[in-house]
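Next up, query.txt (compact mmCIF, C-alpha atoms):
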```
# COMPACT_ATOMS: atom_id res chain seq x y z
CA MET A 369 -19.83 -11.36 9.64
CA PRO A 370 -21.62 -10.96 6.29
CA MET A 371 -23.06 -7.63 5.34
CA THR A 372 -26.82 -7.32 5.92
CA GLU A 373 -29.19 -4.83 4.36
CA ALA A 374 -30.15 -3.61 7.82
CA THR A 375 -26.54 -2.98 8.85
CA LEU A 376 -25.78 -1.24 5.56
CA ALA A 377 -28.87 0.93 5.90
CA LEU A 378 -27.81 1.97 9.40
CA ALA A 379 -24.28 2.78 8.21
CA GLN A 380 -25.60 4.82 5.30
CA ALA A 381 -27.80 6.70 7.76
CA GLY A 382 -24.69 7.73 9.72
CA ASP A 383 -24.42 4.96 12.35
CA GLY A 384 -20.71 4.65 13.15
CA GLU A 385 -21.08 1.32 14.95
CA ALA A 386 -22.85 -0.19 11.95
CA PHE A 387 -20.08 1.08 9.68
CA ARG A 388 -17.43 -0.52 11.89
CA GLU A 389 -19.41 -3.77 11.84
CA LEU A 390 -19.24 -3.71 8.05
CA ILE A 391 -15.58 -2.79 7.85
CA ASP A 392 -13.92 -4.80 10.63
CA PRO A 393 -14.01 -8.20 8.84
CA HIS A 394 -11.99 -6.64 5.99
CA ARG A 395 -9.56 -4.46 7.96
CA ARG A 396 -6.73 -6.99 8.31
CA GLU A 397 -6.69 -7.98 4.64
CA LEU A 398 -6.90 -4.34 3.56
CA GLN A 399 -3.93 -3.54 5.78
CA ALA A 400 -1.96 -6.38 4.16
CA HIS A 401 -3.02 -5.13 0.73
CA CYS A 402 -1.72 -1.61 1.42
CA TYR A 403 1.47 -3.12 2.88
CA ARG A 404 2.15 -5.19 -0.23
CA ILE A 405 1.81 -2.16 -2.49
CA LEU A 406 3.70 0.29 -0.26
CA GLY A 407 6.26 -2.04 1.39
CA SER A 408 6.02 -0.20 4.73
CA MET A 409 3.73 -0.94 7.65
CA HIS A 410 3.90 2.69 8.75
CA ASP A 411 2.78 3.90 5.32
CA ALA A 412 0.18 1.12 5.04
CA GLU A 413 -1.44 2.05 8.33
CA ASP A 414 -1.56 5.74 7.40
CA VAL A 415 -3.04 5.08 3.96
CA LEU A 416 -5.53 2.55 5.33
CA GLN A 417 -6.81 5.14 7.78
CA GLU A 418 -7.25 7.58 4.90
CA ALA A 419 -9.07 4.92 2.89
CA LEU A 420 -11.45 4.01 5.71
CA LEU A 421 -12.20 7.66 6.33
CA ALA A 422 -12.98 8.05 2.63
CA ALA A 423 -15.20 4.96 2.80
CA TRP A 424 -17.10 6.42 5.77
CA ARG A 425 -17.64 9.68 3.92
CA SER A 426 -18.91 7.93 0.79
CA ILE A 427 -20.82 4.96 2.28
CA GLY A 428 -24.06 6.72 1.37
CA ARG A 429 -23.19 6.32 -2.33
CA PHE A 430 -22.25 2.62 -2.07
CA ASP A 431 -24.61 0.59 -4.27
CA GLY A 432 -24.57 -2.53 -2.07
CA ARG A 433 -23.17 -4.92 -4.68
CA SER A 434 -19.73 -5.93 -3.32
CA LEU A 435 -18.45 -4.24 -0.20
CA ARG A 436 -15.07 -5.98 -0.44
CA ALA A 437 -14.40 -4.85 -4.01
CA TRP A 438 -15.61 -1.34 -3.14
CA LEU A 439 -13.20 -1.16 -0.22
CA TYR A 440 -10.35 -2.48 -2.35
CA ARG A 441 -11.09 0.17 -4.96
CA ILE A 442 -10.77 2.92 -2.36
CA ALA A 443 -7.68 1.44 -0.68
CA THR A 444 -5.87 0.69 -3.95
CA ASN A 445 -6.41 4.16 -5.35
CA ARG A 446 -5.30 5.74 -2.07
CA CYS A 447 -2.10 3.69 -2.31
CA LEU A 448 -1.52 4.80 -5.89
CA ASN A 449 -2.16 8.42 -4.97
CA TYR A 450 0.38 8.06 -2.17
CA LEU A 451 2.99 6.68 -4.55
CA ARG A 452 2.38 9.50 -7.02
CA GLY A 453 3.16 12.02 -4.27
CA GLN A 454 6.76 10.93 -3.70
CA ALA A 455 7.37 14.04 -1.59
CA ARG A 456 5.27 12.33 1.09
CA ARG A 457 7.96 9.67 1.38
CA PRO A 458 11.13 11.70 2.00
CA GLN A 459 14.31 9.66 2.06
CA PRO A 460 15.99 9.66 5.49
CA ALA A 461 18.84 12.10 5.86
CA GLY A 462 22.27 10.61 5.34
CA LEU A 463 21.23 7.87 2.92
CA PRO A 464 22.68 7.97 -0.61
CA ASP A 465 20.07 8.38 -3.34
CA HIS A 466 19.74 4.81 -4.63
CA GLY A 467 16.12 4.94 -5.72
CA ALA A 468 14.45 1.62 -5.01
CA GLY A 469 17.66 0.38 -3.42
CA ARG A 470 21.16 -0.52 -4.57
CA SER A 471 23.83 -2.32 -2.63
CA VAL A 472 27.36 -1.04 -2.20
CA GLN A 473 28.42 -4.03 -4.31
CA GLY A 474 26.23 -2.88 -7.20
CA GLY A 475 23.51 -5.55 -7.01
CA PRO A 476 19.81 -5.06 -6.30
CA ALA A 477 18.89 -4.60 -2.67
CA GLU A 478 15.73 -4.00 -0.69
CA PRO A 479 14.09 -0.58 -0.97
CA TRP A 480 15.09 1.65 1.92
CA TRP A 481 11.46 2.00 3.09
CA LEU A 482 10.91 -1.77 3.45
CA GLU A 483 9.53 -2.84 6.85
CA PRO A 484 8.51 -6.25 8.21
CA TYR A 485 4.89 -7.36 8.48
CA PRO A 486 4.05 -8.61 11.99
CA GLY A 487 2.76 -12.15 12.29
CA ASP A 488 1.50 -14.84 9.93
CA PRO A 489 -0.90 -14.48 6.98
CA ASP A 490 -3.34 -17.14 8.19
CA ASP A 491 -6.40 -14.88 8.13
CA LEU A 492 -5.82 -13.21 4.75
CA SER A 493 -8.47 -13.85 2.09
CA LEU A 494 -7.27 -14.93 -1.36
CA GLY A 495 -9.55 -15.58 -4.31
CA PRO A 496 -9.72 -18.77 -6.42
CA GLU A 497 -7.73 -17.17 -9.25
CA ALA A 498 -4.78 -16.28 -6.99
CA ARG A 499 -1.40 -17.59 -8.16
CA TYR A 500 0.25 -17.27 -4.74
CA ASP A 501 -0.69 -18.90 -1.47
CA ALA A 502 -1.08 -16.86 1.71
CA ARG A 503 2.52 -17.43 2.85
CA GLU A 504 4.07 -16.55 -0.51
CA SER A 505 1.86 -13.48 -0.88
CA ILE A 506 3.31 -11.77 2.20
CA ALA A 507 6.89 -13.14 2.15
CA LEU A 508 9.47 -10.41 2.64
CA SER A 509 11.29 -11.15 -0.63
CA PHE A 510 8.00 -10.98 -2.57
CA VAL A 511 7.01 -7.64 -1.03
CA ALA A 512 10.51 -6.27 -1.67
CA GLY A 513 10.34 -7.42 -5.29
CA LEU A 514 7.00 -5.67 -5.76
CA GLN A 515 8.58 -2.35 -4.82
CA HIS A 516 10.72 -2.42 -7.97
CA LEU A 517 7.64 -2.49 -10.22
CA PRO A 518 5.92 0.70 -11.43
CA PRO A 519 2.92 1.47 -9.17
CA GLN A 520 0.19 0.55 -11.68
CA GLN A 521 1.84 -2.78 -12.51
CA ARG A 522 2.32 -3.44 -8.82
CA ALA A 523 -1.37 -2.85 -8.11
CA VAL A 524 -2.50 -5.01 -11.03
CA LEU A 525 -0.28 -7.93 -10.03
CA VAL A 526 -1.46 -7.80 -6.42
CA LEU A 527 -5.13 -7.58 -7.38
CA ARG A 528 -4.93 -10.34 -10.01
CA ASP A 529 -2.26 -12.79 -8.85
CA VAL A 530 -2.37 -12.30 -5.06
CA LEU A 531 -6.02 -11.53 -4.36
CA GLY A 532 -7.48 -13.35 -7.35
CA PHE A 533 -9.78 -10.61 -8.61
CA PRO A 534 -10.96 -11.30 -12.18
CA ALA A 535 -9.62 -9.02 -14.91
CA ALA A 536 -12.96 -7.23 -15.29
CA GLU A 537 -13.22 -6.50 -11.56
CA THR A 538 -9.58 -5.41 -11.44
CA ALA A 539 -10.24 -2.99 -14.28
CA ASP A 540 -13.24 -1.63 -12.41
CA ILE A 541 -11.21 -1.17 -9.22
CA LEU A 542 -8.50 0.72 -11.11
CA GLY A 543 -10.84 2.64 -13.40
CA THR A 544 -9.25 1.26 -16.56
CA THR A 545 -9.89 -1.35 -19.26
CA GLN A 546 -9.40 -5.13 -19.21
CA THR A 547 -6.93 -4.73 -22.07
CA ALA A 548 -4.83 -2.33 -19.99
CA VAL A 549 -5.03 -4.67 -16.98
CA ASN A 550 -3.89 -7.70 -19.01
CA SER A 551 -1.03 -5.75 -20.57
CA ALA A 552 0.15 -4.43 -17.21
CA LEU A 553 -0.06 -7.92 -15.71
CA VAL A 554 2.18 -9.39 -18.41
CA ARG A 555 4.78 -6.68 -17.81
CA ALA A 556 4.54 -7.03 -14.03
CA ARG A 557 5.04 -10.79 -14.11
CA ALA A 558 8.08 -10.35 -16.34
CA GLY A 559 9.52 -7.69 -14.06
CA LEU A 560 9.05 -9.52 -10.76
CA PRO A 561 12.15 -11.54 -9.80
CA PRO A 562 11.21 -15.23 -9.42
CA ASP A 563 11.93 -17.14 -6.25
CA PRO A 564 14.63 -19.63 -7.31
CA HIS A 565 13.54 -22.20 -4.72
CA PRO A 566 9.87 -21.49 -3.89
CA GLN A 567 9.12 -24.98 -2.58
CA ASP A 568 12.26 -25.56 -0.52
CA VAL A 569 10.98 -23.79 2.59
CA PRO A 570 10.21 -25.57 5.89
CA VAL A 571 6.58 -25.65 6.96
CA PRO A 572 5.89 -22.56 9.11
CA ARG A 573 6.12 -23.25 12.85
CA SER A 574 7.33 -26.80 12.16
CA PRO A 575 10.08 -28.60 14.13
CA ALA A 576 12.31 -28.33 11.04
CA GLU A 577 11.92 -24.55 10.94
CA ALA A 578 12.47 -24.24 14.70
CA ALA A 579 15.64 -26.35 14.51
CA VAL A 580 17.26 -23.98 12.00
CA VAL A 581 16.37 -20.92 14.07
CA ASP A 582 17.65 -22.54 17.27
CA ARG A 583 20.95 -23.40 15.60
CA PHE A 584 21.31 -19.82 14.38
CA VAL A 585 20.63 -18.33 17.82
CA SER A 586 22.98 -20.77 19.50
CA ALA A 587 25.80 -20.14 17.04
CA PHE A 588 25.35 -16.38 17.25
CA GLN A 589 25.35 -16.34 21.05
CA ARG A 590 28.45 -18.56 21.16
CA PHE A 591 30.18 -16.44 18.47
CA ASP A 592 30.68 -19.68 16.52
CA LEU A 593 31.93 -18.58 13.10
CA GLU A 594 32.16 -22.09 11.66
CA GLU A 595 28.60 -23.00 12.62
CA LEU A 596 27.23 -19.76 11.18
CA VAL A 597 29.03 -20.42 7.90
CA VAL A 598 27.55 -23.93 7.71
CA LEU A 599 24.06 -22.58 8.39
CA LEU A 600 24.17 -20.10 5.50
CA THR A 601 23.55 -21.08 1.87
CA ASP A 602 26.28 -20.49 -0.67
CA ASP A 603 24.25 -17.64 -2.20
CA SER A 604 23.14 -16.18 1.13
CA ARG A 605 22.71 -12.44 1.60
CA LEU A 606 22.29 -10.00 4.46
CA THR A 607 20.59 -6.61 4.11
CA MET A 608 19.75 -3.87 6.58
CA PRO A 609 17.03 -1.51 5.31
CA PRO A 610 17.10 1.47 5.17
CA GLN A 611 20.88 1.21 4.71
CA PRO A 612 21.91 0.22 1.16
CA THR A 613 24.68 -2.05 2.45
CA GLU A 614 24.51 -5.69 1.45
CA TYR A 615 26.68 -8.67 2.31
CA ARG A 616 26.79 -11.84 0.23
CA GLY A 617 28.14 -15.31 0.96
CA PRO A 618 28.49 -17.30 4.20
CA GLU A 619 31.98 -16.11 5.18
CA SER A 620 31.27 -12.42 4.55
CA ILE A 621 27.96 -12.51 6.44
CA ALA A 622 29.22 -14.53 9.42
CA GLN A 623 32.28 -12.33 9.86
CA PHE A 624 30.15 -9.18 9.71
CA LEU A 625 27.68 -10.52 12.28
CA LEU A 626 30.33 -11.53 14.77
CA ALA A 627 32.49 -8.44 14.25
CA HIS A 628 29.57 -6.12 15.04
CA GLN A 629 27.98 -8.04 17.91
CA ARG A 630 30.75 -9.11 20.27
CA GLN A 631 28.69 -8.85 23.45
CA GLU A 632 26.07 -10.66 25.47
CA MET A 633 22.69 -10.76 23.76
CA LYS A 634 19.16 -12.07 24.15
CA PHE A 635 16.76 -13.16 21.39
CA VAL A 636 12.96 -13.28 21.56
CA PRO A 637 11.35 -15.31 18.72
CA VAL A 638 8.50 -13.67 16.81
CA ARG A 639 6.89 -14.04 13.38
CA ALA A 640 7.25 -11.59 10.49
CA ASN A 641 5.88 -11.96 6.95
CA GLY A 642 4.93 -15.53 7.79
CA GLN A 643 8.62 -16.25 8.49
CA PRO A 644 10.68 -16.83 11.63
CA ALA A 645 12.07 -13.63 13.11
CA LEU A 646 14.00 -12.56 16.17
CA VAL A 647 13.88 -9.46 18.34
CA LEU A 648 17.40 -8.74 19.52
CA TYR A 649 17.99 -7.32 23.01
CA LEU A 650 21.34 -5.98 24.17
CA PRO A 651 22.37 -5.15 27.75
CA ASP A 652 22.10 -1.55 28.91
CA PRO A 653 25.53 -0.58 30.29
CA SER A 654 24.03 1.73 32.89
CA ALA A 655 21.00 -0.25 34.11
CA PRO A 656 20.06 -3.90 34.83
CA ILE A 657 17.87 -4.18 31.74
CA TRP A 658 17.91 -5.43 28.18
CA ARG A 659 17.11 -2.88 25.45
CA ALA A 660 15.50 -3.88 22.16
CA ASN A 661 17.92 -3.39 19.30
CA GLY A 662 15.89 -4.39 16.24
CA VAL A 663 14.12 -7.20 14.40
CA THR A 664 15.85 -9.78 12.22
CA VAL A 665 13.78 -11.73 9.67
CA LEU A 666 15.14 -15.07 8.48
CA THR A 667 14.35 -16.55 5.08
CA LEU A 668 15.02 -20.28 5.18
CA ARG A 669 15.87 -22.70 2.42
CA GLY A 670 15.75 -26.31 3.52
CA ASP A 671 17.84 -26.63 6.67
CA GLN A 672 19.83 -23.45 5.97
CA ILE A 673 19.32 -19.69 5.97
CA HIS A 674 19.22 -17.96 2.60
CA THR A 675 18.53 -14.35 3.63
CA ILE A 676 18.96 -12.33 6.82
CA THR A 677 17.11 -9.01 6.81
CA ARG A 678 17.94 -6.79 9.74
CA PHE A 679 15.67 -3.90 10.76
CA GLY A 680 17.32 -1.70 13.36
CA ASP A 681 14.47 0.73 14.06
CA PRO A 682 13.46 0.20 17.74
CA SER A 683 9.99 1.64 17.03
CA LEU A 684 9.16 -1.53 15.09
CA ILE A 685 9.43 -3.68 18.22
CA THR A 686 6.03 -2.89 19.70
CA ARG A 687 4.27 -4.03 16.52
CA PHE A 688 5.45 -7.53 17.41
CA GLY A 689 4.02 -7.38 20.92
CA CYS A 690 7.47 -7.02 22.49
CA PRO A 691 8.48 -4.36 25.04
CA ARG A 692 11.29 -1.89 24.42
CA THR A 693 13.07 -3.15 27.54
CA LEU A 694 13.25 -6.37 29.55
CA PRO A 695 14.48 -6.79 33.15
CA LYS A 696 17.86 -8.38 33.48
CA PRO A 697 18.19 -10.58 36.56
CA GLY A 698 21.16 -9.80 38.77
CA ARG A 699 24.04 -12.19 38.87
```

Mind turning this structure into structure tokens?
Amino acid sequence: MPMTEATLALAQAGDGEAFRELIDPHRRELQAHCYRILGSMHDAEDVLQEALLAAWRSIGRFDGRSLRAWLYRIATNRCLNYLRGQARRPQPAGLPDHGAGRSVQGGPAEPWWLEPYPGDPDDLSLGPEARYDARESIALSFVAGLQHLPPQQRAVLVLRDVLGFPAAETADILGTTQTAVNSALVRARAGLPPDPHPQDVPVPRSPAEAAVVDRFVSAFQRFDLEELVVLLTDDSRLTMPPQPTEYRGPESIAQFLLAHQRQEMKFVPVRANGQPALVLYLPDPSAPIWRANGVTVLTLRGDQIHTITRFGDPSLITRFGCPRTLPKPGR
């Protein structure tokens, strides 16, 4: 609901309910904003909490002009502060030091901290100057590509090209000049890998999209190597953040999938980054239950799969509204 002078006055007088009434309409888009810049839902949620606490503490100094821009200023600068303190993002033990992410084959891979974004971007607000639509702005490949940009360039590109803030407002949010914003935007656009086939993606939740996912699940469950190879594009790739390993090409990916999953399995369809995704459940050898084993995000191109991104952290499952375990009916 729109901000009213009465609600703002109550919030500035210390009314917590009034403050929540002001903030709640913006919470989801602020979370997505932090996620785009940080690449991790865990980090985004932590930083957003810090930003909202800072907003609560400083609401008395808010001038009433644009609550949304004011909140974005706080959230963006909290994200940048987080990225400056790299010690707050320690690399997991056992991973080789590959910076933003390198594959064992030497090509660029996802950053190790990359996590999926639960759901679709239907309720995210984008301004009239935005260069990306809602689906493109949260796609896993786009968010991964952002992580390879320097933090300031990353923030400028998100504010200008994703959210559509004018250059002057972006400069105000970042506490810099329009000249610096325009320069950083040029460099960020040049440094962001382009999507080679941005239009060749099935409509989300369409029968065409569902057909590709169903074929993938069926082939995987039947251990059908030939069908998996047909489903994958010639330049397909599989990654598994936080591991730096990457597989490229239909044969290599299909053989890896089947070699490492030769057992009964169950898939539950979900949505991640506005894309089809699957929660994988495997049987527990000591109990009649299925145990969640991770989330797999599929990036489609036409009637094939271009990228498979596998997240094996079981703690991610609950973000998608799925339980850690499912009952397994007796035979």

Item checked: Distance query Arg583 in chain A at most 12 Å, all atoms listed in the file, self and fewer than 5 positions along chain excluded, as an NGL selection string -> :A and (576-578 or 588-592 or 594-600 or 671-673)

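For the pair CA of Ala502 in chain A and CA of Thr545 in chain A, the separation is 27.5 Å.
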
Item checked: Polymer residues at most 8 Å from range 625-635 of chain A, only C-alpha atoms, same-chain spacing of 6 or more positions, as a list in words -> Val585, Phe588, Gln589, Phe591, Leu593, Leu646, Val647, Leu648, Tyr649, Leu650, Pro651 and Trp658 of chain A

Notebook entry, point to check: In Å, with one decimal, what is the gap from CA of Ser604 in chain A to CA of Gly689 in chain A?
Noted result: 28.9 Å

Check: Hey, what's within 10 Å of range 388-391 of chain A if we count all atoms listed in the file and toss same-chain stuff fewer than 3 positions away? As number ranges by chain, please?
Finding: A: 369-372, 375-376, 379, 383-385, 394-396, 398, 420, 423-424, 435-436, 439

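Taking CA of Gly432 in chain A and CA of Asp414 in chain A as the two end points, the separation is 26.2 Å.
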
Margin query: So, with all atoms listed in the file as the atoms that count, which of A:Gln611, A:Ala640, A:Phe688, A:Thr544 lies closest to Asn445 in chain A?
Written below: A:Thr544

Item checked: Near-range 538-542 of chain A list (9 Å; all atoms listed in the file; drop same-chain fewer than 6 positions) as a PyMOL selection string -> chain A and resi 437-438+440-442+444-445+520+523-524+527-528+548-549
